[in-house]
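Below is one structure, written out as structure tokens, with a few remarks after it.
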Amino acid sequence: MKYHTGCSGWSYTSWEGPFYPSGTENYRWLNYYSHVFDYVEIDSSFYRTPSLQMVKNWAMKTPKNLKFTAKFPKVITHDTRLKEVDDELERFFDAMVPLENKTLALLIQLPPSIQIHEGLERLRDLVPELDNRFRYAVEVRHRSWFQDLAYSFFANNNICLVWNQLTDTSCCHDRFCLCPTYW
């Protein structure tokens, strides 16, 4: 089993001084980060699909061993609750292609209000639309997901189950993953 170590982002001004050397320009932060860690989550993609040029820059500015996870945009997961998202999915996948070989998974973070029955119904419709160049992880945030029905769905679809230590809250820290063994 291979482990990767990293954080849920790299662009934090509070890191200048304690982590990034003082005076380091923020466009150099990702490169600096990538020489310390071998994994990073793109949290900003949750708020807005990154431009193709931005993703190309991330791919070019980082060593081959750096792996990424990018969050699905909230317009897909929270605003529409995974319904009628074909256009948004296409934009997101098109933007992420430059990181195809550096991506561990694309993360579908569900809002805490999506319980298992609604969530599985929506995911069953979504799975056939997913781009097979990527692997996927779903972060559940409601306790109803912790049962065999969900575990079987994720295993049968080669999707990693992610949860946080504070399930049923809007906090997304202290994540844990349960991925199929063949990842």
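By convention here, the chains of the structure tokens are called A, B, ... in the order presented, each chain's residues are numbered starting at 1, and ligands are numbered starting at 1 in the order presented.
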Selection near segment 42-51 of chain A, 10 Å with only C-alpha atoms, sequence-local residues under 4 positions removed, as a ChimeraX atom specification: /A:7-11,55-57,68-78,88-89,91-96,106-109
Spatial neighbours of Leu161 of chain A, 12 Å, only C-alpha atoms, chain gap at least 2 places, as a PDB file with N, CA and C atoms, in the first residue's frame:
ATOM      1  N   ALA A 105      -7.727  11.055  -7.345  1.00  0.00           N
ATOM      2  CA  ALA A 105      -9.179  10.923  -7.457  1.00  0.00           C
ATOM      3  C   ALA A 105      -9.797  12.306  -7.562  1.00  0.00           C
ATOM      4  N   LEU A 106     -10.997  12.339  -8.105  1.00  0.00           N
ATOM      5  CA  LEU A 106     -11.816  13.540  -8.046  1.00  0.00           C
ATOM      6  C   LEU A 106     -12.809  13.306  -6.908  1.00  0.00           C
ATOM      7  N   LEU A 107     -12.916  14.294  -6.034  1.00  0.00           N
ATOM      8  CA  LEU A 107     -13.684  14.145  -4.802  1.00  0.00           C
ATOM      9  C   LEU A 107     -15.074  14.757  -4.925  1.00  0.00           C
ATOM     10  N   ILE A 108     -16.075  13.927  -4.692  1.00  0.00           N
ATOM     11  CA  ILE A 108     -17.473  14.361  -4.671  1.00  0.00           C
ATOM     12  C   ILE A 108     -17.852  14.497  -3.202  1.00  0.00           C
ATOM     13  N   GLN A 109     -17.815  15.724  -2.691  1.00  0.00           N
ATOM     14  CA  GLN A 109     -18.127  15.965  -1.278  1.00  0.00           C
ATOM     15  C   GLN A 109     -19.613  16.288  -1.176  1.00  0.00           C
ATOM     16  N   LEU A 110     -20.362  15.400  -0.569  1.00  0.00           N
ATOM     17  CA  LEU A 110     -21.808  15.605  -0.441  1.00  0.00           C
ATOM     18  C   LEU A 110     -22.120  16.519   0.729  1.00  0.00           C
ATOM     19  N   ARG A 135     -10.350   8.435 -11.326  1.00  0.00           N
ATOM     20  CA  ARG A 135     -10.946   7.658 -10.252  1.00  0.00           C
ATOM     21  C   ARG A 135     -11.730   8.630  -9.384  1.00  0.00           C
ATOM     22  N   TYR A 136     -12.609   8.085  -8.562  1.00  0.00           N
ATOM     23  CA  TYR A 136     -13.513   8.936  -7.794  1.00  0.00           C
ATOM     24  C   TYR A 136     -13.564   8.538  -6.326  1.00  0.00           C
ATOM     25  N   ALA A 137     -13.823   9.543  -5.515  1.00  0.00           N
ATOM     26  CA  ALA A 137     -14.045   9.350  -4.092  1.00  0.00           C
ATOM     27  C   ALA A 137     -15.281  10.165  -3.729  1.00  0.00           C
ATOM     28  N   VAL A 138     -16.087   9.636  -2.847  1.00  0.00           N
ATOM     29  CA  VAL A 138     -17.280  10.346  -2.373  1.00  0.00           C
ATOM     30  C   VAL A 138     -17.137  10.539  -0.878  1.00  0.00           C
ATOM     31  N   GLU A 139     -17.211  11.802  -0.464  1.00  0.00           N
ATOM     32  CA  GLU A 139     -17.182  12.111   0.962  1.00  0.00           C
ATOM     33  C   GLU A 139     -18.609  12.252   1.456  1.00  0.00           C
ATOM     34  N   VAL A 140     -19.003  11.331   2.322  1.00  0.00           N
ATOM     35  CA  VAL A 140     -20.338  11.373   2.917  1.00  0.00           C
ATOM     36  C   VAL A 140     -20.244  12.138   4.225  1.00  0.00           C
ATOM     37  N   ARG A 141     -21.324  12.848   4.546  1.00  0.00           N
ATOM     38  CA  ARG A 141     -21.278  13.682   5.741  1.00  0.00           C
ATOM     39  C   ARG A 141     -22.533  13.518   6.588  1.00  0.00           C
ATOM     40  N   TRP A 145     -25.037   6.873   6.010  1.00  0.00           N
ATOM     41  CA  TRP A 145     -24.228   6.190   4.990  1.00  0.00           C
ATOM     42  C   TRP A 145     -23.452   4.989   5.531  1.00  0.00           C
ATOM     43  N   PHE A 146     -23.323   4.886   6.815  1.00  0.00           N
ATOM     44  CA  PHE A 146     -22.468   3.846   7.378  1.00  0.00           C
ATOM     45  C   PHE A 146     -23.227   2.536   7.542  1.00  0.00           C
ATOM     46  N   GLN A 147     -23.419   1.867   6.393  1.00  0.00           N
ATOM     47  CA  GLN A 147     -24.118   0.590   6.353  1.00  0.00           C
ATOM     48  C   GLN A 147     -23.705  -0.156   5.082  1.00  0.00           C
ATOM     49  N   ALA A 150     -24.339   1.143   1.359  1.00  0.00           N
ATOM     50  CA  ALA A 150     -23.387   2.130   0.825  1.00  0.00           C
ATOM     51  C   ALA A 150     -22.055   1.473   0.512  1.00  0.00           C
ATOM     52  N   TYR A 151     -21.545   0.650   1.419  1.00  0.00           N
ATOM     53  CA  TYR A 151     -20.252   0.009   1.201  1.00  0.00           C
ATOM     54  C   TYR A 151     -20.280  -0.815  -0.082  1.00  0.00           C
ATOM     55  N   SER A 152     -21.355  -1.537  -0.311  1.00  0.00           N
ATOM     56  CA  SER A 152     -21.478  -2.355  -1.520  1.00  0.00           C
ATOM     57  C   SER A 152     -21.532  -1.481  -2.769  1.00  0.00           C
ATOM     58  N   PHE A 153     -22.283  -0.402  -2.712  1.00  0.00           N
ATOM     59  CA  PHE A 153     -22.372   0.491  -3.868  1.00  0.00           C
ATOM     60  C   PHE A 153     -20.989   1.022  -4.242  1.00  0.00           C
ATOM     61  N   PHE A 154     -20.250   1.507  -3.253  1.00  0.00           N
ATOM     62  CA  PHE A 154     -18.928   2.072  -3.544  1.00  0.00           C
ATOM     63  C   PHE A 154     -17.974   0.992  -4.061  1.00  0.00           C
ATOM     64  N   ALA A 155     -17.973  -0.174  -3.445  1.00  0.00           N
ATOM     65  CA  ALA A 155     -17.085  -1.248  -3.891  1.00  0.00           C
ATOM     66  C   ALA A 155     -17.434  -1.699  -5.314  1.00  0.00           C
ATOM     67  N   ASN A 156     -18.722  -1.829  -5.603  1.00  0.00           N
ATOM     68  CA  ASN A 156     -19.162  -2.289  -6.925  1.00  0.00           C
ATOM     69  C   ASN A 156     -18.873  -1.272  -8.024  1.00  0.00           C
ATOM     70  N   ASN A 157     -18.697  -0.014  -7.653  1.00  0.00           N
ATOM     71  CA  ASN A 157     -18.439   1.038  -8.640  1.00  0.00           C
ATOM     72  C   ASN A 157     -17.004   1.553  -8.587  1.00  0.00           C
ATOM     73  N   ASN A 158     -16.148   0.868  -7.826  1.00  0.00           N
ATOM     74  CA  ASN A 158     -14.742   1.252  -7.695  1.00  0.00           C
ATOM     75  C   ASN A 158     -14.590   2.705  -7.252  1.00  0.00           C
ATOM     76  N   ILE A 159     -15.396   3.090  -6.286  1.00  0.00           N
ATOM     77  CA  ILE A 159     -15.376   4.444  -5.745  1.00  0.00           C
ATOM     78  C   ILE A 159     -14.913   4.370  -4.296  1.00  0.00           C
ATOM     79  N   TRP A 163     -14.885   9.866   4.661  1.00  0.00           N
ATOM     80  CA  TRP A 163     -15.700  10.491   5.699  1.00  0.00           C
ATOM     81  C   TRP A 163     -14.787  11.288   6.590  1.00  0.00           C
ATOM     82  N   ASN A 164     -15.387  12.159   7.365  1.00  0.00           N
ATOM     83  CA  ASN A 164     -14.575  12.934   8.299  1.00  0.00           C
ATOM     84  C   ASN A 164     -14.914  12.525   9.719  1.00  0.00           C
ATOM     85  N   ARG A 175     -10.090  13.759   7.554  1.00  0.00           N
ATOM     86  CA  ARG A 175     -10.739  12.798   6.669  1.00  0.00           C
ATOM     87  C   ARG A 175     -10.129  11.414   6.793  1.00  0.00           C
ATOM     88  N   PHE A 176     -10.962  10.437   6.544  1.00  0.00           N
ATOM     89  CA  PHE A 176     -10.537   9.048   6.471  1.00  0.00           C
ATOM     90  C   PHE A 176     -11.063   8.478   5.168  1.00  0.00           C
ATOM     91  N   CYS A 177     -10.341   7.537   4.589  1.00  0.00           N
ATOM     92  CA  CYS A 177     -10.753   6.941   3.316  1.00  0.00           C
ATOM     93  C   CYS A 177     -10.834   5.430   3.449  1.00  0.00           C
ATOM     94  N   LEU A 178     -11.812   4.876   2.780  1.00  0.00           N
ATOM     95  CA  LEU A 178     -11.943   3.437   2.648  1.00  0.00           C
ATOM     96  C   LEU A 178     -12.056   3.179   1.154  1.00  0.00           C
ATOM     97  N   CYS A 179     -10.946   2.762   0.553  1.00  0.00           N
ATOM     98  CA  CYS A 179     -10.904   2.594  -0.897  1.00  0.00           C
ATOM     99  C   CYS A 179     -10.862   1.118  -1.249  1.00  0.00           C
ATOM    100  N   PRO A 180     -11.374   0.786  -2.441  1.00  0.00           N
ATOM    101  CA  PRO A 180     -11.251  -0.607  -2.881  1.00  0.00           C
ATOM    102  C   PRO A 180      -9.790  -1.037  -2.858  1.00  0.00           C
ATOM    103  N   THR A 181      -9.560  -2.285  -2.529  1.00  0.00           N
ATOM    104  CA  THR A 181      -8.195  -2.773  -2.353  1.00  0.00           C
ATOM    105  C   THR A 181      -7.373  -2.750  -3.632  1.00  0.00           C
TER     106      THR A 181
END
Which of chain A fall in strand (DSSP E or B), as a PyMOL selection string: chain A and resi 6-7+16+20+39-42+67-71+103-109+136-140+159-164+175-178
Restricting it to N, CA and C atoms, dump the selection as a CSV table (one decimal), in the first residue's frame.
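Printed below is out_29.csv as written:
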chain,number,residue,atom,x,y,z
A,6,GLY,N,0.0,15.1,2.5
A,6,GLY,CA,-0.2,16.5,2.1
A,6,GLY,C,-1.4,17.1,2.8
A,7,CYS,N,-1.8,18.2,2.2
A,7,CYS,CA,-2.8,19.1,2.9
A,7,CYS,C,-4.0,19.4,1.9
A,16,GLU,N,2.8,31.8,5.2
A,16,GLU,CA,4.0,32.5,4.9
A,16,GLU,C,4.7,32.8,6.2
A,20,TYR,N,6.2,28.7,4.2
A,20,TYR,CA,6.8,29.3,3.1
A,20,TYR,C,7.8,30.3,3.6
A,39,TYR,N,1.4,15.1,-2.1
A,39,TYR,CA,0.0,15.1,-2.4
A,39,TYR,C,-0.6,16.4,-2.0
A,40,VAL,N,-1.7,16.9,-2.7
A,40,VAL,CA,-2.4,18.1,-2.3
A,40,VAL,C,-3.8,18.0,-2.9
A,41,GLU,N,-4.8,18.5,-2.1
A,41,GLU,CA,-6.2,18.6,-2.5
A,41,GLU,C,-6.4,20.0,-3.1
A,42,ILE,N,-7.0,20.0,-4.2
A,42,ILE,CA,-7.4,21.3,-4.8
A,42,ILE,C,-8.8,21.6,-4.2
A,67,LYS,N,0.8,14.2,-6.4
A,67,LYS,CA,-0.5,13.7,-6.8
A,67,LYS,C,-1.6,14.7,-6.3
A,68,PHE,N,-2.7,14.8,-7.0
A,68,PHE,CA,-3.7,15.8,-6.7
A,68,PHE,C,-5.0,15.0,-6.5
A,69,THR,N,-5.9,15.7,-5.7
A,69,THR,CA,-7.3,15.3,-5.6
A,69,THR,C,-8.0,16.7,-5.8
A,70,ALA,N,-9.0,16.7,-6.6
A,70,ALA,CA,-9.8,18.0,-6.9
A,70,ALA,C,-11.2,17.7,-6.5
A,71,LYS,N,-11.7,18.7,-5.7
A,71,LYS,CA,-13.1,18.6,-5.3
A,71,LYS,C,-14.0,19.0,-6.5
A,103,THR,N,-3.6,12.7,-11.0
A,103,THR,CA,-4.8,12.8,-10.1
A,103,THR,C,-5.0,11.4,-9.4
A,104,LEU,N,-5.1,11.5,-8.1
A,104,LEU,CA,-5.4,10.2,-7.4
A,104,LEU,C,-6.9,10.0,-7.5
A,105,ALA,N,-7.7,11.1,-7.3
A,105,ALA,CA,-9.2,10.9,-7.5
A,105,ALA,C,-9.8,12.3,-7.6
A,106,LEU,N,-11.0,12.3,-8.1
A,106,LEU,CA,-11.8,13.5,-8.0
A,106,LEU,C,-12.8,13.3,-6.9
A,107,LEU,N,-12.9,14.3,-6.0
A,107,LEU,CA,-13.7,14.1,-4.8
A,107,LEU,C,-15.1,14.8,-4.9
A,108,ILE,N,-16.1,13.9,-4.7
A,108,ILE,CA,-17.5,14.4,-4.7
A,108,ILE,C,-17.9,14.5,-3.2
A,109,GLN,N,-17.8,15.7,-2.7
A,109,GLN,CA,-18.1,16.0,-1.3
A,109,GLN,C,-19.6,16.3,-1.2
A,136,TYR,N,-12.6,8.1,-8.6
A,136,TYR,CA,-13.5,8.9,-7.8
A,136,TYR,C,-13.6,8.5,-6.3
A,137,ALA,N,-13.8,9.5,-5.5
A,137,ALA,CA,-14.0,9.4,-4.1
A,137,ALA,C,-15.3,10.2,-3.7
A,138,VAL,N,-16.1,9.6,-2.8
A,138,VAL,CA,-17.3,10.3,-2.4
A,138,VAL,C,-17.1,10.5,-0.9
A,139,GLU,N,-17.2,11.8,-0.5
A,139,GLU,CA,-17.2,12.1,1.0
A,139,GLU,C,-18.6,12.3,1.5
A,140,VAL,N,-19.0,11.3,2.3
A,140,VAL,CA,-20.3,11.4,2.9
A,140,VAL,C,-20.2,12.1,4.2
A,159,ILE,N,-15.4,3.1,-6.3
A,159,ILE,CA,-15.4,4.4,-5.7
A,159,ILE,C,-14.9,4.4,-4.3
A,160,CYS,N,-14.0,5.3,-3.9
A,160,CYS,CA,-13.5,5.4,-2.6
A,160,CYS,C,-14.5,6.1,-1.7
A,161,LEU,N,-14.8,5.5,-0.5
A,161,LEU,CA,-15.6,6.2,0.5
A,161,LEU,C,-14.8,7.0,1.4
A,162,VAL,N,-15.1,8.3,1.5
A,162,VAL,CA,-14.4,9.2,2.4
A,162,VAL,C,-15.4,9.7,3.4
A,163,TRP,N,-14.9,9.9,4.7
A,163,TRP,CA,-15.7,10.5,5.7
A,163,TRP,C,-14.8,11.3,6.6
A,164,ASN,N,-15.4,12.2,7.4
A,164,ASN,CA,-14.6,12.9,8.3
A,164,ASN,C,-14.9,12.5,9.7
A,175,ARG,N,-10.1,13.8,7.6
A,175,ARG,CA,-10.7,12.8,6.7
A,175,ARG,C,-10.1,11.4,6.8
A,176,PHE,N,-11.0,10.4,6.5
A,176,PHE,CA,-10.5,9.0,6.5
A,176,PHE,C,-11.1,8.5,5.2
A,177,CYS,N,-10.3,7.5,4.6
A,177,CYS,CA,-10.8,6.9,3.3
A,177,CYS,C,-10.8,5.4,3.4
A,178,LEU,N,-11.8,4.9,2.8
A,178,LEU,CA,-11.9,3.4,2.6
A,178,LEU,C,-12.1,3.2,1.2
Surrounding residues of segment 23-28 of chain A excluding itself and chain neighbours under 5 positions, 9 Å, only C-alpha atoms, as JSON, numbers by chain: {"A": [11, 12, 13, 16, 17, 33, 61]}
Every residue of segment 12-128 of chain A that DSSP places in alpha helix (DSSP H), as a count of residues only: 38
Distance criterion (only C-alpha atoms): nearest to Arg133 of chain A out of A:Glu121, A:Ile114, A:Ala59, A:Glu100: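 Smallest separation from Arg133 of chain A among the options: A:Glu100.
Proximity of A:Leu123, A:Ile116, A:Val36, A:Asp131 to Leu149 of chain A, computed with only C-alpha atoms, is greatest for A:Ile116.
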Polymer residues at most 12 Å from Lys64 of chain A, only C-alpha atoms, same-chain spacing of 6 or more positions, as a ChimeraX atom specification: /A:31,34-35,38-39,58,99-103
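In this structure, atom CA of Asp86 of chain A sits 15.0 Å away from atom CA of Asn132 of chain A.
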